[in-house]
Structures are given as structure tokens and as C-alpha cells.
file my_file_32.cif (mmCIF, N, CA and C atoms)
data_protein
#
loop_
_atom_site.label_atom_id
_atom_site.label_comp_id
_atom_site.auth_asym_id
_atom_site.auth_seq_id
_atom_site.Cartn_x
_atom_site.Cartn_y
_atom_site.Cartn_z
N MET A 1 17.43 -11.89 12.62
CA MET A 1 16.76 -10.61 12.88
C MET A 1 16.82 -10.32 14.38
N ALA A 2 17.22 -9.13 14.70
CA ALA A 2 17.32 -8.73 16.10
C ALA A 2 15.93 -8.69 16.72
N THR A 3 15.83 -9.13 17.97
CA THR A 3 14.52 -9.15 18.62
C THR A 3 14.03 -7.74 18.91
N ASP A 4 14.94 -6.77 18.91
CA ASP A 4 14.52 -5.39 19.16
C ASP A 4 14.21 -4.64 17.86
N ALA A 5 14.20 -5.36 16.74
CA ALA A 5 13.87 -4.74 15.46
C ALA A 5 12.42 -4.26 15.50
N PRO A 6 12.16 -3.07 14.95
CA PRO A 6 10.78 -2.58 14.94
C PRO A 6 9.87 -3.54 14.15
N HIS A 7 8.65 -3.68 14.63
CA HIS A 7 7.68 -4.59 14.01
C HIS A 7 6.71 -3.76 13.17
N VAL A 8 6.68 -4.02 11.86
CA VAL A 8 5.81 -3.31 10.95
C VAL A 8 4.79 -4.28 10.37
N LEU A 9 3.52 -3.87 10.37
CA LEU A 9 2.45 -4.65 9.78
C LEU A 9 2.19 -4.11 8.37
N VAL A 10 2.33 -4.98 7.37
CA VAL A 10 2.07 -4.62 5.98
C VAL A 10 0.72 -5.22 5.58
N VAL A 11 -0.17 -4.37 5.07
CA VAL A 11 -1.51 -4.81 4.67
C VAL A 11 -1.70 -4.49 3.19
N ASP A 12 -1.82 -5.54 2.38
CA ASP A 12 -1.98 -5.34 0.94
C ASP A 12 -2.61 -6.59 0.34
N ASP A 13 -3.54 -6.41 -0.57
CA ASP A 13 -4.22 -7.56 -1.17
C ASP A 13 -3.48 -8.12 -2.38
N THR A 14 -2.44 -7.42 -2.83
CA THR A 14 -1.69 -7.85 -4.02
C THR A 14 -0.39 -8.53 -3.61
N PHE A 15 -0.21 -9.79 -4.03
CA PHE A 15 0.94 -10.58 -3.63
C PHE A 15 2.26 -9.86 -3.94
N LEU A 16 2.40 -9.36 -5.15
CA LEU A 16 3.67 -8.74 -5.55
C LEU A 16 3.98 -7.50 -4.70
N ASP A 17 2.98 -6.69 -4.42
CA ASP A 17 3.20 -5.50 -3.59
C ASP A 17 3.58 -5.88 -2.16
N ARG A 18 2.94 -6.94 -1.63
CA ARG A 18 3.32 -7.42 -0.29
C ARG A 18 4.76 -7.89 -0.28
N LEU A 19 5.13 -8.63 -1.33
CA LEU A 19 6.48 -9.17 -1.43
C LEU A 19 7.52 -8.04 -1.50
N VAL A 20 7.27 -7.06 -2.34
CA VAL A 20 8.21 -5.93 -2.48
C VAL A 20 8.36 -5.19 -1.16
N ALA A 21 7.23 -4.82 -0.55
CA ALA A 21 7.29 -4.07 0.72
C ALA A 21 8.01 -4.88 1.79
N SER A 22 7.71 -6.16 1.87
CA SER A 22 8.32 -7.03 2.87
C SER A 22 9.83 -7.12 2.66
N ARG A 23 10.25 -7.33 1.42
CA ARG A 23 11.70 -7.45 1.15
C ARG A 23 12.44 -6.15 1.43
N VAL A 24 11.85 -5.03 1.03
CA VAL A 24 12.50 -3.74 1.27
C VAL A 24 12.65 -3.50 2.78
N LEU A 25 11.60 -3.75 3.53
CA LEU A 25 11.65 -3.53 4.98
C LEU A 25 12.61 -4.49 5.66
N LYS A 26 12.55 -5.77 5.28
CA LYS A 26 13.46 -6.76 5.89
C LYS A 26 14.92 -6.44 5.59
N SER A 27 15.19 -5.88 4.41
CA SER A 27 16.57 -5.52 4.07
C SER A 27 17.08 -4.40 4.96
N CYS A 28 16.16 -3.70 5.61
CA CYS A 28 16.52 -2.62 6.55
C CYS A 28 16.36 -3.07 8.00
N ASN A 29 16.41 -4.39 8.21
CA ASN A 29 16.31 -4.99 9.56
C ASN A 29 15.01 -4.67 10.29
N ILE A 30 13.92 -4.70 9.55
CA ILE A 30 12.60 -4.49 10.14
C ILE A 30 11.91 -5.85 10.22
N ARG A 31 11.24 -6.11 11.34
CA ARG A 31 10.44 -7.32 11.48
C ARG A 31 9.09 -7.04 10.81
N VAL A 32 8.69 -7.92 9.91
CA VAL A 32 7.49 -7.68 9.10
C VAL A 32 6.46 -8.79 9.32
N THR A 33 5.21 -8.37 9.49
CA THR A 33 4.08 -9.29 9.45
C THR A 33 3.21 -8.83 8.30
N ILE A 34 2.74 -9.79 7.49
CA ILE A 34 1.96 -9.47 6.31
C ILE A 34 0.53 -9.95 6.48
N MET A 35 -0.41 -9.08 6.13
CA MET A 35 -1.83 -9.43 6.11
C MET A 35 -2.38 -9.07 4.74
N GLU A 36 -3.31 -9.91 4.26
CA GLU A 36 -3.88 -9.69 2.92
C GLU A 36 -5.01 -8.68 2.90
N GLY A 37 -5.54 -8.33 4.06
CA GLY A 37 -6.66 -7.39 4.07
C GLY A 37 -6.84 -6.73 5.42
N PRO A 38 -7.57 -5.61 5.43
CA PRO A 38 -7.79 -4.85 6.67
C PRO A 38 -8.50 -5.64 7.77
N LYS A 39 -9.45 -6.50 7.41
CA LYS A 39 -10.17 -7.25 8.46
C LYS A 39 -9.20 -8.18 9.20
N GLN A 40 -8.35 -8.88 8.43
CA GLN A 40 -7.32 -9.74 9.06
C GLN A 40 -6.39 -8.89 9.91
N ALA A 41 -6.02 -7.73 9.40
CA ALA A 41 -5.10 -6.85 10.12
C ALA A 41 -5.69 -6.43 11.46
N LEU A 42 -6.97 -6.08 11.47
CA LEU A 42 -7.61 -5.67 12.73
C LEU A 42 -7.66 -6.82 13.73
N GLU A 43 -7.95 -8.03 13.24
CA GLU A 43 -7.93 -9.20 14.13
C GLU A 43 -6.54 -9.41 14.71
N PHE A 44 -5.52 -9.31 13.86
CA PHE A 44 -4.14 -9.48 14.31
C PHE A 44 -3.78 -8.41 15.34
N LEU A 45 -4.14 -7.17 15.07
CA LEU A 45 -3.80 -6.07 15.98
C LEU A 45 -4.49 -6.22 17.33
N ASN A 46 -5.64 -6.86 17.35
CA ASN A 46 -6.32 -7.08 18.63
C ASN A 46 -5.62 -8.12 19.49
N MET A 47 -4.77 -8.95 18.86
CA MET A 47 -4.04 -9.98 19.61
C MET A 47 -2.57 -9.61 19.83
N GLU A 48 -2.03 -8.81 18.94
CA GLU A 48 -0.59 -8.49 18.94
C GLU A 48 -0.39 -7.08 19.47
N HIS A 49 0.61 -6.91 20.33
CA HIS A 49 0.77 -5.61 20.98
C HIS A 49 2.10 -4.92 20.69
N ASP A 50 2.91 -5.46 19.80
CA ASP A 50 4.21 -4.82 19.58
C ASP A 50 4.37 -4.21 18.19
N VAL A 51 3.25 -4.07 17.45
CA VAL A 51 3.33 -3.44 16.13
C VAL A 51 3.61 -1.95 16.33
N LYS A 52 4.66 -1.48 15.65
CA LYS A 52 5.09 -0.09 15.80
C LYS A 52 4.61 0.81 14.68
N LEU A 53 4.21 0.19 13.55
CA LEU A 53 3.78 0.97 12.39
C LEU A 53 2.95 0.09 11.47
N ILE A 54 1.95 0.68 10.83
CA ILE A 54 1.14 -0.04 9.85
C ILE A 54 1.36 0.60 8.49
N LEU A 55 1.71 -0.23 7.53
CA LEU A 55 1.91 0.20 6.15
C LEU A 55 0.82 -0.47 5.34
N THR A 56 -0.15 0.30 4.87
CA THR A 56 -1.31 -0.32 4.22
C THR A 56 -1.57 0.23 2.83
N ASP A 57 -1.99 -0.66 1.95
CA ASP A 57 -2.43 -0.28 0.62
C ASP A 57 -3.72 0.52 0.76
N TYR A 58 -4.00 1.39 -0.21
CA TYR A 58 -5.26 2.13 -0.18
C TYR A 58 -6.39 1.30 -0.80
N CYS A 59 -6.16 0.82 -2.02
CA CYS A 59 -7.22 0.13 -2.78
C CYS A 59 -7.24 -1.36 -2.49
N MET A 60 -8.22 -1.79 -1.71
CA MET A 60 -8.41 -3.21 -1.43
C MET A 60 -9.91 -3.50 -1.45
N PRO A 61 -10.29 -4.75 -1.78
CA PRO A 61 -11.72 -5.09 -1.77
C PRO A 61 -12.27 -5.11 -0.34
N ASP A 62 -13.55 -4.95 -0.21
CA ASP A 62 -14.27 -5.00 1.08
C ASP A 62 -14.02 -3.78 1.95
N MET A 63 -12.76 -3.45 2.18
CA MET A 63 -12.42 -2.38 3.10
C MET A 63 -11.14 -1.73 2.58
N THR A 64 -11.14 -0.41 2.41
CA THR A 64 -9.94 0.26 1.89
C THR A 64 -8.93 0.53 3.00
N GLY A 65 -7.74 0.94 2.59
CA GLY A 65 -6.74 1.36 3.56
C GLY A 65 -7.22 2.55 4.36
N TYR A 66 -8.01 3.41 3.72
CA TYR A 66 -8.59 4.56 4.42
C TYR A 66 -9.54 4.07 5.52
N ASP A 67 -10.37 3.07 5.20
CA ASP A 67 -11.29 2.51 6.21
C ASP A 67 -10.51 1.93 7.39
N LEU A 68 -9.41 1.25 7.08
CA LEU A 68 -8.55 0.69 8.12
C LEU A 68 -7.97 1.80 8.99
N LEU A 69 -7.48 2.85 8.34
CA LEU A 69 -6.93 4.01 9.05
C LEU A 69 -7.96 4.58 10.03
N VAL A 70 -9.19 4.77 9.56
CA VAL A 70 -10.25 5.33 10.41
C VAL A 70 -10.53 4.41 11.60
N GLU A 71 -10.63 3.10 11.35
CA GLU A 71 -10.86 2.12 12.43
C GLU A 71 -9.76 2.21 13.48
N ILE A 72 -8.52 2.30 13.02
CA ILE A 72 -7.38 2.35 13.94
C ILE A 72 -7.40 3.63 14.76
N LYS A 73 -7.64 4.76 14.10
CA LYS A 73 -7.63 6.04 14.80
C LYS A 73 -8.82 6.20 15.75
N GLU A 74 -9.89 5.42 15.54
CA GLU A 74 -11.05 5.48 16.44
C GLU A 74 -10.92 4.50 17.61
N SER A 75 -9.90 3.64 17.57
CA SER A 75 -9.72 2.64 18.63
C SER A 75 -8.79 3.16 19.71
N PRO A 76 -9.27 3.24 20.95
CA PRO A 76 -8.39 3.70 22.04
C PRO A 76 -7.12 2.84 22.16
N LYS A 77 -7.25 1.56 21.84
CA LYS A 77 -6.13 0.63 21.99
C LYS A 77 -5.11 0.76 20.85
N LEU A 78 -5.56 1.19 19.68
CA LEU A 78 -4.69 1.19 18.49
C LEU A 78 -4.30 2.57 17.98
N LYS A 79 -5.00 3.61 18.43
CA LYS A 79 -4.83 4.92 17.79
C LYS A 79 -3.42 5.50 17.87
N HIS A 80 -2.59 4.98 18.77
CA HIS A 80 -1.22 5.47 18.88
C HIS A 80 -0.30 4.93 17.77
N ILE A 81 -0.76 3.91 17.04
CA ILE A 81 0.10 3.29 16.01
C ILE A 81 0.06 4.15 14.75
N PRO A 82 1.24 4.58 14.27
CA PRO A 82 1.28 5.38 13.04
C PRO A 82 0.86 4.53 11.83
N VAL A 83 0.13 5.16 10.91
CA VAL A 83 -0.34 4.48 9.70
C VAL A 83 0.21 5.22 8.48
N VAL A 84 0.81 4.44 7.58
CA VAL A 84 1.31 4.97 6.32
C VAL A 84 0.50 4.30 5.21
N ILE A 85 -0.03 5.11 4.31
CA ILE A 85 -0.84 4.61 3.19
C ILE A 85 0.06 4.48 1.96
N MET A 86 -0.10 3.36 1.23
CA MET A 86 0.60 3.17 -0.06
C MET A 86 -0.47 3.10 -1.14
N SER A 87 -0.16 3.65 -2.29
CA SER A 87 -1.11 3.58 -3.41
C SER A 87 -0.36 3.69 -4.72
N SER A 88 -0.96 3.12 -5.75
CA SER A 88 -0.42 3.26 -7.11
C SER A 88 -0.86 4.58 -7.71
N ASP A 89 -1.85 5.21 -7.08
CA ASP A 89 -2.46 6.42 -7.63
C ASP A 89 -2.04 7.67 -6.86
N ASN A 90 -1.66 8.69 -7.61
CA ASN A 90 -1.30 9.98 -7.03
C ASN A 90 -2.52 10.89 -7.19
N ILE A 91 -3.47 10.77 -6.26
CA ILE A 91 -4.71 11.53 -6.32
C ILE A 91 -4.74 12.50 -5.13
N PRO A 92 -4.53 13.80 -5.38
CA PRO A 92 -4.43 14.77 -4.27
C PRO A 92 -5.61 14.74 -3.30
N GLU A 93 -6.84 14.59 -3.80
CA GLU A 93 -8.00 14.57 -2.90
C GLU A 93 -7.94 13.37 -1.96
N ARG A 94 -7.52 12.23 -2.50
CA ARG A 94 -7.40 11.01 -1.69
C ARG A 94 -6.30 11.19 -0.64
N MET A 95 -5.19 11.77 -1.07
CA MET A 95 -4.08 12.01 -0.14
C MET A 95 -4.54 12.91 1.00
N LYS A 96 -5.24 14.00 0.68
CA LYS A 96 -5.71 14.94 1.70
C LYS A 96 -6.66 14.23 2.67
N LYS A 97 -7.57 13.42 2.12
CA LYS A 97 -8.52 12.68 2.96
C LYS A 97 -7.77 11.79 3.96
N CYS A 98 -6.73 11.11 3.48
CA CYS A 98 -5.94 10.22 4.35
C CYS A 98 -5.19 11.01 5.41
N PHE A 99 -4.56 12.12 5.02
CA PHE A 99 -3.84 12.95 6.00
C PHE A 99 -4.81 13.52 7.03
N ASP A 100 -5.97 13.97 6.57
CA ASP A 100 -6.97 14.53 7.49
C ASP A 100 -7.44 13.49 8.50
N ALA A 101 -7.44 12.22 8.10
CA ALA A 101 -7.88 11.15 9.01
C ALA A 101 -6.76 10.65 9.92
N GLY A 102 -5.54 11.16 9.71
CA GLY A 102 -4.45 10.79 10.62
C GLY A 102 -3.31 10.00 10.03
N ALA A 103 -3.30 9.81 8.70
CA ALA A 103 -2.17 9.10 8.09
C ALA A 103 -0.91 9.93 8.24
N LYS A 104 0.22 9.26 8.49
CA LYS A 104 1.50 9.95 8.65
C LYS A 104 2.16 10.23 7.30
N GLU A 105 1.87 9.37 6.33
CA GLU A 105 2.55 9.47 5.04
C GLU A 105 1.67 8.81 3.99
N TYR A 106 1.85 9.22 2.74
CA TYR A 106 1.14 8.63 1.60
C TYR A 106 2.22 8.37 0.55
N ILE A 107 2.52 7.10 0.32
CA ILE A 107 3.62 6.72 -0.57
C ILE A 107 3.07 6.15 -1.86
N ILE A 108 3.65 6.59 -2.97
CA ILE A 108 3.29 6.01 -4.26
C ILE A 108 4.10 4.73 -4.43
N LYS A 109 3.39 3.63 -4.75
CA LYS A 109 4.05 2.32 -4.91
C LYS A 109 4.96 2.33 -6.13
N PRO A 110 5.97 1.48 -6.11
CA PRO A 110 6.33 0.54 -5.05
C PRO A 110 7.14 1.22 -3.94
N LEU A 111 7.12 0.60 -2.77
CA LEU A 111 7.95 1.06 -1.67
C LEU A 111 9.41 0.83 -2.05
N ASN A 112 10.23 1.85 -1.87
CA ASN A 112 11.66 1.74 -2.18
C ASN A 112 12.47 1.90 -0.90
N ALA A 113 13.70 1.41 -0.94
CA ALA A 113 14.58 1.53 0.22
C ALA A 113 14.75 2.99 0.63
N ILE A 114 14.72 3.89 -0.34
CA ILE A 114 14.88 5.32 -0.04
C ILE A 114 13.71 5.86 0.80
N ASP A 115 12.53 5.20 0.74
CA ASP A 115 11.36 5.62 1.52
C ASP A 115 11.45 5.17 2.98
N VAL A 116 12.22 4.13 3.24
CA VAL A 116 12.19 3.47 4.55
C VAL A 116 12.58 4.41 5.71
N PRO A 117 13.70 5.16 5.61
CA PRO A 117 14.03 6.03 6.76
C PRO A 117 12.91 7.02 7.10
N ARG A 118 12.27 7.59 6.07
CA ARG A 118 11.17 8.53 6.31
C ARG A 118 10.00 7.82 6.99
N VAL A 119 9.66 6.62 6.50
CA VAL A 119 8.57 5.85 7.09
C VAL A 119 8.88 5.50 8.55
N LEU A 120 10.10 5.05 8.79
CA LEU A 120 10.48 4.64 10.14
C LEU A 120 10.59 5.82 11.11
N SER A 121 10.72 7.02 10.57
CA SER A 121 10.82 8.19 11.45
C SER A 121 9.56 8.39 12.27
N TYR A 122 8.45 7.75 11.87
CA TYR A 122 7.19 7.90 12.59
C TYR A 122 7.05 6.94 13.77
N ILE A 123 8.00 6.01 13.88
CA ILE A 123 7.94 5.02 14.96
C ILE A 123 8.43 5.67 16.26
#

call {"tool": "encode", "arguments": {"input": "my_file_32.cif", "output": "C-alpha cells"}}
result
Amino acid sequence: MATDAPHVLVVDDTFLDRLVASRVLKSCNIRVTIMEGPKQALEFLNMEHDVKLILTDYCMPDMTGYDLLVEIKESPKLKHIPVVIMSSDNIPERMKKCFDAGAKEYIIKPLNAIDVPRVLSYI
């Protein structure tokens, strides 16, 4: 993997969804870090400074992807990082809420290779 490959943080509580997203991104020469939940992701982001994009699931226990999005957009240190929400559900009200809070994209799972160029366009 090239050291100049963009670094994407994938946040998802479901093993299979993490695996799919990771494999699709890696096949496009993206450096991927995986976190199982938003709290871990926030801890990681406070230590790591080269994440170029966050790809997060919407439905997770304790804290949703929307909650993570809001935390990121309210942080002076993190608000510049684009956030893409993934969900199994196509719910227009949820999509609007995420876009209104600053999400760049709302993708219906699973992530496909065809989605990657659009997602990376936000970096």
C-alpha cells in the first residue's frame, strides 16, 4: 500500500459490514482503519491526524452514526473531516437529518466499488 494512499476510518458494529467496506476500499488502494463503534472512533481520531474521511454506519448501539457525525462537526479539531453515513435503511427523514448535520453522502449498504469514486471525491 502506498504511504500516500488516503486514510479512511470505517466505523461499524457489524463484522461483515466492516469486512465488506474494508475490502472494497483496500481494493481501490485506500488505507483503512476499522473501529467497532463511535466512542472508539472518537478516541482514535483524537490521537490520529491523517484520517481523510470517515465512513460510518448509522445504526449502532450506544451511539449512532448520526451522533458521531454531530460530535465530529462540533469539534474544532475534527470538523474538517468529511463524514459519509452508511445504512441498510433508505429512510428519507433520516437521510435529511444526516445531510442537515453535515454528512457528505448517505449510502445504502453494502458499499460497492462503484460507490468509491463518489465517496473519495469528498477527500

call {"tool": "residues_around", "arguments": {"input": "my_file_32.cif", "residues": "Leu25 in chain A", "least_positions_apart": "4", "cutoff": "8 Å", "atoms": "all atoms listed in the file", "output": "short mmCIF file (atom, residue, chain, number, x, y, z; two decimals) with N, CA and C atoms, in the coordinates of the input"}}
result
data_model
loop_
_atom_site.label_atom_id
_atom_site.label_comp_id
_atom_site.auth_asym_id
_atom_site.auth_seq_id
_atom_site.Cartn_x
_atom_site.Cartn_y
_atom_site.Cartn_z
N LEU A 19 5.13 -8.63 -1.33
CA LEU A 19 6.48 -9.17 -1.43
C LEU A 19 7.52 -8.04 -1.50
N VAL A 20 7.27 -7.06 -2.34
CA VAL A 20 8.21 -5.93 -2.48
C VAL A 20 8.36 -5.19 -1.16
N ALA A 21 7.23 -4.82 -0.55
CA ALA A 21 7.29 -4.07 0.72
C ALA A 21 8.01 -4.88 1.79
N ASN A 29 16.41 -4.39 8.21
CA ASN A 29 16.31 -4.99 9.56
C ASN A 29 15.01 -4.67 10.29
N ILE A 30 13.92 -4.70 9.55
CA ILE A 30 12.60 -4.49 10.14
C ILE A 30 11.91 -5.85 10.22
N ARG A 31 11.24 -6.11 11.34
CA ARG A 31 10.44 -7.32 11.48
C ARG A 31 9.09 -7.04 10.81
N VAL A 32 8.69 -7.92 9.91
CA VAL A 32 7.49 -7.68 9.10
C VAL A 32 6.46 -8.79 9.32
N LEU A 111 7.12 0.60 -2.77
CA LEU A 111 7.95 1.06 -1.67
C LEU A 111 9.41 0.83 -2.05
N ASN A 112 10.23 1.85 -1.87
CA ASN A 112 11.66 1.74 -2.18
C ASN A 112 12.47 1.90 -0.90
N ALA A 113 13.70 1.41 -0.94
CA ALA A 113 14.58 1.53 0.22
C ALA A 113 14.75 2.99 0.63
N VAL A 116 12.22 4.13 3.24
CA VAL A 116 12.19 3.47 4.55
C VAL A 116 12.58 4.41 5.71
#

call {"tool": "atom_distance", "arguments": {"input": "my_file_32.cif", "atom1": "CA of Gly65 in chain A", "atom2": "CA of Gly102 in chain A"}}
result
12.0 Å

call {"tool": "closest_residue", "arguments": {"input": "my_file_32.cif", "among": "A:Asp100, A:Asp57, A:Glu48, A:Glu71", "to": "Ser88 in chain A", "atoms": "all atoms listed in the file"}}
result
A:Asp57

call {"tool": "atom_distance", "arguments": {"input": "my_file_32.cif", "atom1": "atom N of Asp13 in chain A", "atom2": "CA of Pro38 in chain A"}}
result
8.5 Å

call {"tool": "select_by_dssp", "arguments": {"input": "my_file_32.cif", "residues": "range 40-116 of chain A", "states": "strand (DSSP E)", "output": "list in words"}}
result
Val51, Lys52, Leu53, Ile54, Leu55, Thr56, Asp57, Val83, Val84, Ile85, Met86, Ser87, Glu105, Tyr106, Ile107 and Ile108 of chain A

call {"tool": "atom_distance", "arguments": {"input": "my_file_32.cif", "atom1": "atom N of Leu69 in chain A", "atom2": "atom N of Asp89 in chain A"}}
result
16.6 Å

call {"tool": "resolve_selection", "arguments": {"input": "my_file_32.cif", "expression": "the PyMOL selection byres (((chain A and resi 108 and name CA) around 8) and name CA)", "output": "JSON, numbers by chain"}}
result
{"A": [86, 87, 88, 89, 90, 106, 107, 109, 110, 111]}

call {"tool": "resolve_selection", "arguments": {"input": "my_file_32.cif", "expression": "the PyMOL selection byres ((chain A and resi 122) around 8)", "output": "number ranges by chain"}}
result
A: 52-53, 81-83, 104, 117-121, 123

call {"tool": "residues_near_point", "arguments": {"input": "my_file_32.cif", "point": "(-0.3, -11.4, 7.7)", "cutoff": "8 Å", "atoms": "all atoms listed in the file", "output": "PyMOL selection string"}}
result
chain A and resi 9-11+32-37+40-41+44

call {"tool": "closest_residue", "arguments": {"input": "my_file_32.cif", "among": "A:Pro76, A:Pro92, A:Phe99, A:Thr14", "to": "Cys59 in chain A", "atoms": "all atoms listed in the file"}}
result
A:Thr14

call {"tool": "build_atoms", "arguments": {"input": "my_file_32.cif", "residues": "range 2-19 of chain A", "atoms": "N, CA, C and O atoms", "output": "PDB file, in the coordinates of the input"}}
result
ATOM      1  N   ALA A   2      17.220  -9.130  14.700  1.00  0.00           N
ATOM      2  CA  ALA A   2      17.320  -8.730  16.100  1.00  0.00           C
ATOM      3  C   ALA A   2      15.930  -8.690  16.720  1.00  0.00           C
ATOM      4  O   ALA A   2      14.973  -8.272  16.077  1.00  0.00           O
ATOM      5  N   THR A   3      15.830  -9.130  17.970  1.00  0.00           N
ATOM      6  CA  THR A   3      14.520  -9.150  18.620  1.00  0.00           C
ATOM      7  C   THR A   3      14.030  -7.740  18.910  1.00  0.00           C
ATOM      8  O   THR A   3      12.844  -7.534  19.115  1.00  0.00           O
ATOM      9  N   ASP A   4      14.940  -6.770  18.910  1.00  0.00           N
ATOM     10  CA  ASP A   4      14.520  -5.390  19.160  1.00  0.00           C
ATOM     11  C   ASP A   4      14.210  -4.640  17.860  1.00  0.00           C
ATOM     12  O   ASP A   4      13.987  -3.443  17.861  1.00  0.00           O
ATOM     13  N   ALA A   5      14.200  -5.360  16.740  1.00  0.00           N
ATOM     14  CA  ALA A   5      13.870  -4.740  15.460  1.00  0.00           C
ATOM     15  C   ALA A   5      12.420  -4.260  15.500  1.00  0.00           C
ATOM     16  O   ALA A   5      11.552  -4.961  16.014  1.00  0.00           O
ATOM     17  N   PRO A   6      12.160  -3.070  14.950  1.00  0.00           N
ATOM     18  CA  PRO A   6      10.780  -2.580  14.940  1.00  0.00           C
ATOM     19  C   PRO A   6       9.870  -3.540  14.150  1.00  0.00           C
ATOM     20  O   PRO A   6      10.291  -4.106  13.150  1.00  0.00           O
ATOM     21  N   HIS A   7       8.650  -3.680  14.630  1.00  0.00           N
ATOM     22  CA  HIS A   7       7.680  -4.590  14.010  1.00  0.00           C
ATOM     23  C   HIS A   7       6.710  -3.760  13.170  1.00  0.00           C
ATOM     24  O   HIS A   7       5.987  -2.915  13.691  1.00  0.00           O
ATOM     25  N   VAL A   8       6.680  -4.020  11.860  1.00  0.00           N
ATOM     26  CA  VAL A   8       5.810  -3.310  10.950  1.00  0.00           C
ATOM     27  C   VAL A   8       4.790  -4.280  10.370  1.00  0.00           C
ATOM     28  O   VAL A   8       5.138  -5.378   9.934  1.00  0.00           O
ATOM     29  N   LEU A   9       3.520  -3.870  10.370  1.00  0.00           N
ATOM     30  CA  LEU A   9       2.450  -4.650   9.780  1.00  0.00           C
ATOM     31  C   LEU A   9       2.190  -4.110   8.370  1.00  0.00           C
ATOM     32  O   LEU A   9       1.896  -2.925   8.205  1.00  0.00           O
ATOM     33  N   VAL A  10       2.330  -4.980   7.370  1.00  0.00           N
ATOM     34  CA  VAL A  10       2.070  -4.620   5.980  1.00  0.00           C
ATOM     35  C   VAL A  10       0.720  -5.220   5.580  1.00  0.00           C
ATOM     36  O   VAL A  10       0.495  -6.419   5.747  1.00  0.00           O
ATOM     37  N   VAL A  11      -0.170  -4.370   5.070  1.00  0.00           N
ATOM     38  CA  VAL A  11      -1.510  -4.810   4.670  1.00  0.00           C
ATOM     39  C   VAL A  11      -1.700  -4.490   3.190  1.00  0.00           C
ATOM     40  O   VAL A  11      -1.699  -3.327   2.800  1.00  0.00           O
ATOM     41  N   ASP A  12      -1.820  -5.540   2.380  1.00  0.00           N
ATOM     42  CA  ASP A  12      -1.980  -5.340   0.940  1.00  0.00           C
ATOM     43  C   ASP A  12      -2.610  -6.590   0.340  1.00  0.00           C
ATOM     44  O   ASP A  12      -2.225  -7.700   0.693  1.00  0.00           O
ATOM     45  N   ASP A  13      -3.540  -6.410  -0.570  1.00  0.00           N
ATOM     46  CA  ASP A  13      -4.220  -7.560  -1.170  1.00  0.00           C
ATOM     47  C   ASP A  13      -3.480  -8.120  -2.380  1.00  0.00           C
ATOM     48  O   ASP A  13      -3.823  -9.175  -2.880  1.00  0.00           O
ATOM     49  N   THR A  14      -2.440  -7.420  -2.830  1.00  0.00           N
ATOM     50  CA  THR A  14      -1.690  -7.850  -4.020  1.00  0.00           C
ATOM     51  C   THR A  14      -0.390  -8.530  -3.610  1.00  0.00           C
ATOM     52  O   THR A  14       0.447  -7.928  -2.934  1.00  0.00           O
ATOM     53  N   PHE A  15      -0.210  -9.790  -4.030  1.00  0.00           N
ATOM     54  CA  PHE A  15       0.940 -10.580  -3.630  1.00  0.00           C
ATOM     55  C   PHE A  15       2.260  -9.860  -3.940  1.00  0.00           C
ATOM     56  O   PHE A  15       3.138  -9.759  -3.086  1.00  0.00           O
ATOM     57  N   LEU A  16       2.400  -9.360  -5.150  1.00  0.00           N
ATOM     58  CA  LEU A  16       3.670  -8.740  -5.550  1.00  0.00           C
ATOM     59  C   LEU A  16       3.980  -7.500  -4.700  1.00  0.00           C
ATOM     60  O   LEU A  16       5.123  -7.303  -4.285  1.00  0.00           O
ATOM     61  N   ASP A  17       2.980  -6.690  -4.420  1.00  0.00           N
ATOM     62  CA  ASP A  17       3.200  -5.500  -3.590  1.00  0.00           C
ATOM     63  C   ASP A  17       3.580  -5.880  -2.160  1.00  0.00           C
ATOM     64  O   ASP A  17       4.417  -5.228  -1.537  1.00  0.00           O
ATOM     65  N   ARG A  18       2.940  -6.940  -1.630  1.00  0.00           N
ATOM     66  CA  ARG A  18       3.320  -7.420  -0.290  1.00  0.00           C
ATOM     67  C   ARG A  18       4.760  -7.890  -0.280  1.00  0.00           C
ATOM     68  O   ARG A  18       5.526  -7.595   0.638  1.00  0.00           O
ATOM     69  N   LEU A  19       5.130  -8.630  -1.330  1.00  0.00           N
ATOM     70  CA  LEU A  19       6.480  -9.170  -1.430  1.00  0.00           C
ATOM     71  C   LEU A  19       7.520  -8.040  -1.500  1.00  0.00           C
ATOM     72  O   LEU A  19       8.527  -8.061  -0.774  1.00  0.00           O
TER      73      LEU A  19
END
